[in-house]
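Everything below belongs to run-v7.txt, which stores compact mmCIF, N, CA, C and O atoms.
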```txt
# COMPACT_ATOMS: atom_id res chain seq x y z
N MET A 1 -66.12 11.27 -44.97
CA MET A 1 -66.77 9.98 -44.85
C MET A 1 -66.77 9.27 -46.20
O MET A 1 -66.81 9.90 -47.25
N LEU A 2 -66.78 8.01 -46.09
CA LEU A 2 -66.85 7.22 -47.32
C LEU A 2 -68.23 7.34 -47.97
O LEU A 2 -69.24 7.45 -47.28
N ILE A 3 -68.20 7.35 -49.26
CA ILE A 3 -69.48 7.30 -49.98
C ILE A 3 -70.12 5.96 -49.67
O ILE A 3 -69.47 4.92 -49.67
N ALA A 4 -71.39 5.99 -49.34
CA ALA A 4 -72.08 4.78 -48.94
C ALA A 4 -71.96 3.71 -50.01
O ALA A 4 -72.15 3.98 -51.19
N LEU A 5 -71.61 2.52 -49.57
CA LEU A 5 -71.49 1.45 -50.56
C LEU A 5 -72.87 0.92 -50.95
O LEU A 5 -73.87 1.29 -50.35
N GLY A 6 -72.87 0.13 -51.91
CA GLY A 6 -74.15 -0.43 -52.39
C GLY A 6 -74.68 0.41 -53.53
O GLY A 6 -74.11 0.46 -54.60
N SER A 7 -75.77 1.12 -53.27
CA SER A 7 -76.43 1.86 -54.36
C SER A 7 -75.60 3.05 -54.82
O SER A 7 -75.74 3.50 -55.96
N ALA A 8 -74.72 3.62 -53.97
CA ALA A 8 -73.92 4.78 -54.37
C ALA A 8 -72.74 4.36 -55.25
O ALA A 8 -72.15 5.20 -55.91
N TRP A 9 -72.41 3.10 -55.28
CA TRP A 9 -71.28 2.66 -56.08
C TRP A 9 -71.74 2.28 -57.51
O TRP A 9 -71.35 1.26 -58.05
N THR A 10 -72.46 3.10 -58.05
CA THR A 10 -72.99 2.80 -59.39
C THR A 10 -72.10 3.33 -60.50
O THR A 10 -72.21 2.88 -61.63
N THR A 11 -71.18 4.24 -60.13
CA THR A 11 -70.28 4.78 -61.16
C THR A 11 -68.84 4.55 -60.76
O THR A 11 -68.52 4.37 -59.58
N THR A 12 -68.00 4.58 -61.78
CA THR A 12 -66.57 4.43 -61.52
C THR A 12 -66.05 5.58 -60.66
O THR A 12 -65.19 5.39 -59.80
N GLY A 13 -66.57 6.76 -60.85
CA GLY A 13 -66.15 7.93 -60.07
C GLY A 13 -66.42 7.74 -58.59
O GLY A 13 -65.58 8.06 -57.74
N ASN A 14 -67.63 7.23 -58.28
CA ASN A 14 -67.96 6.99 -56.87
C ASN A 14 -67.05 5.92 -56.25
O ASN A 14 -66.61 6.05 -55.11
N ILE A 15 -66.79 4.89 -57.02
CA ILE A 15 -65.91 3.82 -56.52
C ILE A 15 -64.49 4.36 -56.33
O ILE A 15 -63.84 4.08 -55.32
N THR A 16 -64.01 5.16 -57.26
CA THR A 16 -62.67 5.74 -57.16
C THR A 16 -62.57 6.69 -55.96
O THR A 16 -61.58 6.69 -55.23
N THR A 17 -63.62 7.49 -55.75
CA THR A 17 -63.65 8.39 -54.59
C THR A 17 -63.61 7.59 -53.29
O THR A 17 -62.86 7.92 -52.37
N SER A 18 -64.40 6.53 -53.20
CA SER A 18 -64.39 5.68 -52.00
C SER A 18 -63.03 5.03 -51.81
O SER A 18 -62.54 4.92 -50.68
N LEU A 19 -62.39 4.61 -52.91
CA LEU A 19 -61.06 4.01 -52.82
C LEU A 19 -60.06 5.02 -52.28
O LEU A 19 -59.25 4.71 -51.40
N GLY A 20 -60.10 6.25 -52.80
CA GLY A 20 -59.20 7.30 -52.31
C GLY A 20 -59.42 7.59 -50.83
O GLY A 20 -58.47 7.75 -50.06
N GLN A 21 -60.68 7.65 -50.43
CA GLN A 21 -61.00 7.91 -49.02
C GLN A 21 -60.52 6.75 -48.14
O GLN A 21 -60.01 6.95 -47.04
N THR A 22 -60.67 5.54 -48.63
CA THR A 22 -60.22 4.36 -47.88
C THR A 22 -58.70 4.37 -47.73
O THR A 22 -58.15 4.07 -46.66
N GLN A 23 -57.99 4.71 -48.82
CA GLN A 23 -56.53 4.76 -48.76
C GLN A 23 -56.06 5.86 -47.80
O GLN A 23 -55.10 5.68 -47.07
N THR A 24 -56.75 7.01 -47.81
CA THR A 24 -56.41 8.09 -46.89
C THR A 24 -56.62 7.65 -45.44
O THR A 24 -55.78 7.90 -44.56
N ALA A 25 -57.74 6.98 -45.20
CA ALA A 25 -58.03 6.48 -43.85
C ALA A 25 -56.98 5.46 -43.42
O ALA A 25 -56.52 5.47 -42.27
N LEU A 26 -56.56 4.60 -44.33
CA LEU A 26 -55.53 3.60 -44.02
C LEU A 26 -54.21 4.29 -43.69
O LEU A 26 -53.52 3.88 -42.74
N THR A 27 -53.86 5.34 -44.43
CA THR A 27 -52.64 6.09 -44.15
C THR A 27 -52.70 6.73 -42.76
O THR A 27 -51.73 6.68 -42.00
N VAL A 28 -53.84 7.31 -42.43
CA VAL A 28 -54.01 7.93 -41.11
C VAL A 28 -53.86 6.87 -40.01
O VAL A 28 -53.18 7.09 -39.00
N VAL A 29 -54.49 5.72 -40.20
CA VAL A 29 -54.39 4.64 -39.21
C VAL A 29 -52.95 4.16 -39.07
O VAL A 29 -52.45 3.95 -37.96
N ASN A 30 -52.24 4.01 -40.19
CA ASN A 30 -50.84 3.58 -40.13
C ASN A 30 -49.96 4.61 -39.41
O ASN A 30 -49.07 4.25 -38.64
N ASN A 31 -50.22 5.91 -39.66
CA ASN A 31 -49.46 6.95 -38.98
C ASN A 31 -49.73 6.94 -37.48
O ASN A 31 -48.80 7.08 -36.67
N LEU A 32 -50.99 6.78 -37.12
CA LEU A 32 -51.33 6.69 -35.70
C LEU A 32 -50.70 5.47 -35.04
O LEU A 32 -50.24 5.53 -33.90
N GLN A 33 -50.66 4.37 -35.77
CA GLN A 33 -50.04 3.15 -35.26
C GLN A 33 -48.55 3.38 -35.01
O GLN A 33 -48.01 2.95 -33.99
N ALA A 34 -47.87 4.07 -35.94
CA ALA A 34 -46.45 4.36 -35.78
C ALA A 34 -46.22 5.27 -34.58
O ALA A 34 -45.29 5.05 -33.80
N GLN A 35 -47.07 6.29 -34.42
CA GLN A 35 -46.94 7.17 -33.27
C GLN A 35 -47.18 6.43 -31.96
O GLN A 35 -46.46 6.62 -30.98
N PHE A 36 -48.18 5.57 -31.96
CA PHE A 36 -48.45 4.77 -30.76
C PHE A 36 -47.25 3.89 -30.42
O PHE A 36 -46.89 3.74 -29.26
N GLY A 37 -46.62 3.31 -31.45
CA GLY A 37 -45.43 2.50 -31.22
C GLY A 37 -44.31 3.31 -30.61
O GLY A 37 -43.61 2.84 -29.69
N ASN A 38 -44.11 4.53 -31.09
CA ASN A 38 -43.09 5.41 -30.52
C ASN A 38 -43.40 5.74 -29.07
O ASN A 38 -42.51 5.72 -28.21
N TYR A 39 -44.67 6.08 -28.79
CA TYR A 39 -45.05 6.40 -27.42
C TYR A 39 -44.92 5.20 -26.50
O TYR A 39 -44.49 5.32 -25.36
N ALA A 40 -45.29 4.04 -27.00
CA ALA A 40 -45.19 2.83 -26.19
C ALA A 40 -43.73 2.55 -25.84
O ALA A 40 -43.40 2.20 -24.71
N SER A 41 -42.84 2.74 -26.82
CA SER A 41 -41.42 2.55 -26.58
C SER A 41 -40.91 3.56 -25.55
O SER A 41 -40.15 3.22 -24.63
N PHE A 42 -41.32 4.81 -25.70
CA PHE A 42 -40.92 5.87 -24.77
C PHE A 42 -41.40 5.56 -23.36
O PHE A 42 -40.65 5.67 -22.38
N ILE A 43 -42.66 5.15 -23.24
CA ILE A 43 -43.22 4.83 -21.93
C ILE A 43 -42.51 3.63 -21.31
O ILE A 43 -42.22 3.61 -20.11
N GLN A 44 -42.19 2.63 -22.11
CA GLN A 44 -41.47 1.47 -21.59
C GLN A 44 -40.09 1.86 -21.10
O GLN A 44 -39.64 1.40 -20.04
N ASP A 45 -39.40 2.73 -21.85
CA ASP A 45 -38.08 3.21 -21.42
C ASP A 45 -38.17 3.95 -20.09
O ASP A 45 -37.35 3.75 -19.19
N ARG A 46 -39.16 4.83 -19.96
CA ARG A 46 -39.33 5.58 -18.71
C ARG A 46 -39.65 4.62 -17.55
O ARG A 46 -39.16 4.79 -16.45
N TYR A 47 -40.48 3.63 -17.83
CA TYR A 47 -40.83 2.66 -16.79
C TYR A 47 -39.58 1.91 -16.32
O TYR A 47 -39.36 1.74 -15.11
N ASP A 48 -38.74 1.48 -17.27
CA ASP A 48 -37.52 0.76 -16.91
C ASP A 48 -36.58 1.64 -16.10
O ASP A 48 -35.99 1.19 -15.11
N ILE A 49 -36.44 2.91 -16.50
CA ILE A 49 -35.57 3.84 -15.78
C ILE A 49 -36.09 4.04 -14.35
O ILE A 49 -35.31 4.01 -13.39
N ASN A 50 -37.39 4.24 -14.21
CA ASN A 50 -37.97 4.45 -12.87
C ASN A 50 -37.83 3.21 -12.00
O ASN A 50 -37.59 3.31 -10.80
N ARG A 51 -37.98 2.03 -12.61
CA ARG A 51 -37.83 0.80 -11.84
C ARG A 51 -36.39 0.66 -11.34
O ARG A 51 -36.15 0.32 -10.18
N GLU A 52 -35.41 0.94 -12.20
CA GLU A 52 -34.01 0.88 -11.79
C GLU A 52 -33.71 1.92 -10.71
O GLU A 52 -33.01 1.63 -9.74
N PHE A 53 -34.26 3.12 -10.89
CA PHE A 53 -34.05 4.18 -9.91
C PHE A 53 -34.63 3.77 -8.55
O PHE A 53 -34.01 3.98 -7.52
N SER A 54 -35.80 3.18 -8.57
CA SER A 54 -36.43 2.73 -7.34
C SER A 54 -35.58 1.67 -6.64
O SER A 54 -35.39 1.72 -5.43
N THR A 55 -35.04 0.75 -7.41
CA THR A 55 -34.18 -0.29 -6.84
C THR A 55 -32.91 0.32 -6.26
O THR A 55 -32.50 -0.04 -5.15
N ASP A 56 -32.31 1.26 -6.99
CA ASP A 56 -31.10 1.93 -6.50
C ASP A 56 -31.37 2.70 -5.21
O ASP A 56 -30.57 2.66 -4.27
N MET A 57 -32.50 3.40 -5.16
CA MET A 57 -32.83 4.18 -3.96
C MET A 57 -33.08 3.26 -2.76
O MET A 57 -32.67 3.57 -1.65
N LYS A 58 -33.71 2.13 -2.99
CA LYS A 58 -33.94 1.18 -1.90
C LYS A 58 -32.61 0.64 -1.39
O LYS A 58 -32.39 0.57 -0.18
N THR A 59 -31.70 0.31 -2.30
CA THR A 59 -30.39 -0.20 -1.89
C THR A 59 -29.62 0.85 -1.11
O THR A 59 -29.03 0.55 -0.06
N LEU A 60 -29.62 2.09 -1.60
CA LEU A 60 -28.91 3.16 -0.90
C LEU A 60 -29.52 3.42 0.47
O LEU A 60 -28.80 3.66 1.44
N GLY A 61 -30.84 3.38 0.54
CA GLY A 61 -31.50 3.57 1.83
C GLY A 61 -31.15 2.46 2.81
O GLY A 61 -30.89 2.72 3.99
N ASP A 62 -31.11 1.24 2.33
CA ASP A 62 -30.73 0.12 3.19
C ASP A 62 -29.29 0.28 3.68
O ASP A 62 -28.98 -0.01 4.84
N ASP A 63 -28.41 0.76 2.79
CA ASP A 63 -27.01 0.97 3.18
C ASP A 63 -26.88 2.05 4.24
O ASP A 63 -26.02 1.97 5.12
N LEU A 64 -27.72 3.08 4.16
CA LEU A 64 -27.67 4.15 5.15
C LEU A 64 -28.12 3.66 6.53
O LEU A 64 -27.57 4.06 7.55
N VAL A 65 -29.12 2.82 6.53
CA VAL A 65 -29.68 2.37 7.80
C VAL A 65 -28.84 1.27 8.45
O VAL A 65 -28.64 1.26 9.66
N ALA A 66 -28.31 0.38 7.64
CA ALA A 66 -27.56 -0.76 8.17
C ALA A 66 -26.13 -0.33 8.48
O ALA A 66 -25.32 -0.10 7.59
N ALA A 67 -25.81 -0.19 9.77
CA ALA A 67 -24.47 0.20 10.18
C ALA A 67 -23.64 -1.06 10.42
O ALA A 67 -24.13 -2.07 10.89
N ASP A 68 -22.36 -0.95 10.10
CA ASP A 68 -21.43 -2.04 10.37
C ASP A 68 -21.03 -1.95 11.84
O ASP A 68 -20.37 -0.99 12.25
N VAL A 69 -21.43 -2.93 12.64
CA VAL A 69 -21.22 -2.89 14.09
C VAL A 69 -19.73 -2.85 14.42
O VAL A 69 -19.30 -2.08 15.30
N ALA A 70 -18.92 -3.63 13.74
CA ALA A 70 -17.49 -3.66 14.02
C ALA A 70 -16.85 -2.30 13.71
O ALA A 70 -16.02 -1.79 14.49
N GLU A 71 -17.25 -1.69 12.61
CA GLU A 71 -16.69 -0.38 12.24
C GLU A 71 -17.10 0.69 13.25
O GLU A 71 -16.29 1.51 13.67
N GLU A 72 -18.37 0.67 13.66
CA GLU A 72 -18.85 1.66 14.63
C GLU A 72 -18.17 1.45 15.98
O GLU A 72 -17.86 2.41 16.68
N SER A 73 -17.92 0.21 16.36
CA SER A 73 -17.23 -0.08 17.61
C SER A 73 -15.79 0.44 17.57
O SER A 73 -15.30 1.01 18.55
N ALA A 74 -15.12 0.27 16.44
CA ALA A 74 -13.76 0.77 16.29
C ALA A 74 -13.72 2.29 16.36
O ALA A 74 -12.83 2.88 16.99
N LYS A 75 -14.70 2.95 15.76
CA LYS A 75 -14.77 4.42 15.82
C LYS A 75 -14.99 4.89 17.25
O LYS A 75 -14.40 5.87 17.69
N LEU A 76 -15.86 4.20 17.99
CA LEU A 76 -16.12 4.56 19.39
C LEU A 76 -14.88 4.38 20.25
O LEU A 76 -14.57 5.22 21.10
N THR A 77 -14.14 3.30 20.04
CA THR A 77 -12.90 3.05 20.79
C THR A 77 -11.87 4.14 20.48
O THR A 77 -11.19 4.64 21.40
N ALA A 78 -11.76 4.52 19.22
CA ALA A 78 -10.81 5.57 18.84
C ALA A 78 -11.19 6.90 19.48
O ALA A 78 -10.33 7.64 19.99
N LEU A 79 -12.47 7.22 19.51
CA LEU A 79 -12.93 8.45 20.12
C LEU A 79 -12.67 8.44 21.62
O LEU A 79 -12.22 9.45 22.20
N SER A 80 -12.92 7.33 22.26
CA SER A 80 -12.66 7.20 23.70
C SER A 80 -11.18 7.37 24.00
O SER A 80 -10.80 8.04 24.97
N THR A 81 -10.32 6.79 23.18
CA THR A 81 -8.87 6.91 23.36
C THR A 81 -8.44 8.37 23.20
O THR A 81 -7.64 8.89 23.99
N GLN A 82 -8.96 9.07 22.21
CA GLN A 82 -8.64 10.48 22.02
C GLN A 82 -9.07 11.31 23.23
O GLN A 82 -8.35 12.20 23.67
N GLN A 83 -10.22 10.98 23.78
CA GLN A 83 -10.72 11.71 24.94
C GLN A 83 -9.80 11.48 26.15
O GLN A 83 -9.49 12.42 26.88
N GLN A 84 -9.35 10.25 26.34
CA GLN A 84 -8.45 9.94 27.45
C GLN A 84 -7.13 10.69 27.30
O GLN A 84 -6.59 11.23 28.27
N PHE A 85 -6.58 10.76 26.08
CA PHE A 85 -5.34 11.50 25.84
C PHE A 85 -5.53 12.98 26.13
O PHE A 85 -4.65 13.63 26.70
N ALA A 86 -6.67 13.53 25.77
CA ALA A 86 -6.94 14.94 26.01
C ALA A 86 -7.00 15.23 27.50
O ALA A 86 -6.42 16.22 27.98
N VAL A 87 -7.66 14.37 28.27
CA VAL A 87 -7.75 14.55 29.72
C VAL A 87 -6.36 14.47 30.34
O VAL A 87 -5.99 15.29 31.20
N GLN A 88 -5.55 13.51 29.91
CA GLN A 88 -4.20 13.37 30.45
C GLN A 88 -3.33 14.57 30.09
O GLN A 88 -2.53 15.04 30.91
N ALA A 89 -3.50 15.11 28.88
CA ALA A 89 -2.72 16.27 28.47
C ALA A 89 -3.10 17.49 29.32
O ALA A 89 -2.22 18.25 29.74
N PHE A 90 -4.39 17.68 29.57
CA PHE A 90 -4.80 18.81 30.42
C PHE A 90 -4.30 18.63 31.84
O PHE A 90 -3.86 19.59 32.48
N SER A 91 -4.32 17.40 32.34
CA SER A 91 -3.84 17.14 33.70
C SER A 91 -2.35 17.42 33.80
O SER A 91 -1.88 18.05 34.75
N ALA A 92 -1.60 16.97 32.79
CA ALA A 92 -0.15 17.20 32.80
C ALA A 92 0.15 18.69 32.69
O ALA A 92 1.03 19.22 33.37
N GLY A 93 -0.58 19.40 31.85
CA GLY A 93 -0.37 20.84 31.71
C GLY A 93 -0.70 21.58 32.98
O GLY A 93 0.01 22.50 33.38
N SER A 94 -1.75 21.18 33.65
CA SER A 94 -2.14 21.81 34.90
C SER A 94 -1.11 21.54 35.98
O SER A 94 -0.74 22.44 36.74
N ALA A 95 -0.61 20.32 36.07
CA ALA A 95 0.39 19.97 37.07
C ALA A 95 1.67 20.75 36.82
O ALA A 95 2.32 21.25 37.77
N ASN A 96 2.09 20.88 35.59
CA ASN A 96 3.32 21.63 35.27
C ASN A 96 3.16 23.11 35.61
O ASN A 96 4.09 23.74 36.11
N SER A 97 2.00 23.67 35.39
CA SER A 97 1.75 25.08 35.72
C SER A 97 1.84 25.30 37.22
O SER A 97 2.43 26.26 37.70
N GLN A 98 1.25 24.37 37.99
CA GLN A 98 1.28 24.51 39.45
C GLN A 98 2.71 24.37 39.98
O GLN A 98 3.13 25.10 40.88
N SER A 99 3.47 23.45 39.38
CA SER A 99 4.88 23.28 39.80
C SER A 99 5.68 24.53 39.50
O SER A 99 6.52 24.97 40.31
N LEU A 100 5.46 25.13 38.33
CA LEU A 100 6.17 26.34 37.94
C LEU A 100 5.82 27.50 38.88
O LEU A 100 6.70 28.24 39.31
N LEU A 101 4.55 27.60 39.26
CA LEU A 101 4.13 28.66 40.19
C LEU A 101 4.75 28.47 41.57
O LEU A 101 5.11 29.43 42.23
N ARG A 102 4.88 27.22 42.02
CA ARG A 102 5.51 26.92 43.31
C ARG A 102 6.98 27.33 43.31
O ARG A 102 7.49 27.85 44.29
N LEU A 103 7.65 27.09 42.18
CA LEU A 103 9.06 27.45 42.08
C LEU A 103 9.23 28.97 42.10
O LEU A 103 10.18 29.49 42.70
N LEU A 104 8.34 29.66 41.44
CA LEU A 104 8.46 31.11 41.37
C LEU A 104 7.91 31.79 42.61
O LEU A 104 8.31 32.92 42.93
N GLY A 105 7.05 31.12 43.33
CA GLY A 105 6.36 31.73 44.45
C GLY A 105 7.05 31.62 45.71
O GLY A 105 7.47 32.37 46.49
```

Rewrite the coordinates I just gave you, this time as structure tokens.
Amino acid sequence: MLIALGSAWTTTGNITTSLGQTQTALTVVNNLQAQFGNYASFIQDRYDINREFSTDMKTLGDDLVAADVAEESAKLTALSTQQQFAVQAFSAGSANSQSLLRLLG
């Protein structure tokens, strides 16, 4: 603690001691201010990163939910066509097997 001002400052030694204590306190305050500045910068950086991440996640989520109707329709048509070809191939294979059995039978 600082030596009480007023009546305690009657000697040069007391004044010098108070000056040293004041300078030490000022150094401590300046160091704390520098640390606070570093923490504030760090916190601001984290806040900016989280805000960008949140925006990116919202955009990606919207992209997952919003389907392109024309693209999905084309995929469905292609799947339907593949299914029709498969049914025709099985029908043709079955007919050929029956014809072969008739010839041999």

Kindly give the distance, in Å, that separates atom CA of Ser73 of chain A and atom CA of Lys58 of chain A, rounded to a single decimal.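 Computing the Euclidean distance for atom CA of Ser73 of chain A and atom CA of Lys58 of chain A yields 25.7 Å.
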
Coordinates-based distance that separates atom CA of Gly20 of chain A from atom CA of Gln33 of chain A (Å, one decimal):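 Distance between the two atoms: 19.8 Å.
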
Take atom CA of Ser91 of chain A and atom CA of Glu72 of chain A and report the distance between them in Å, one decimal.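 Distance between the two atoms: 28.8 Å.
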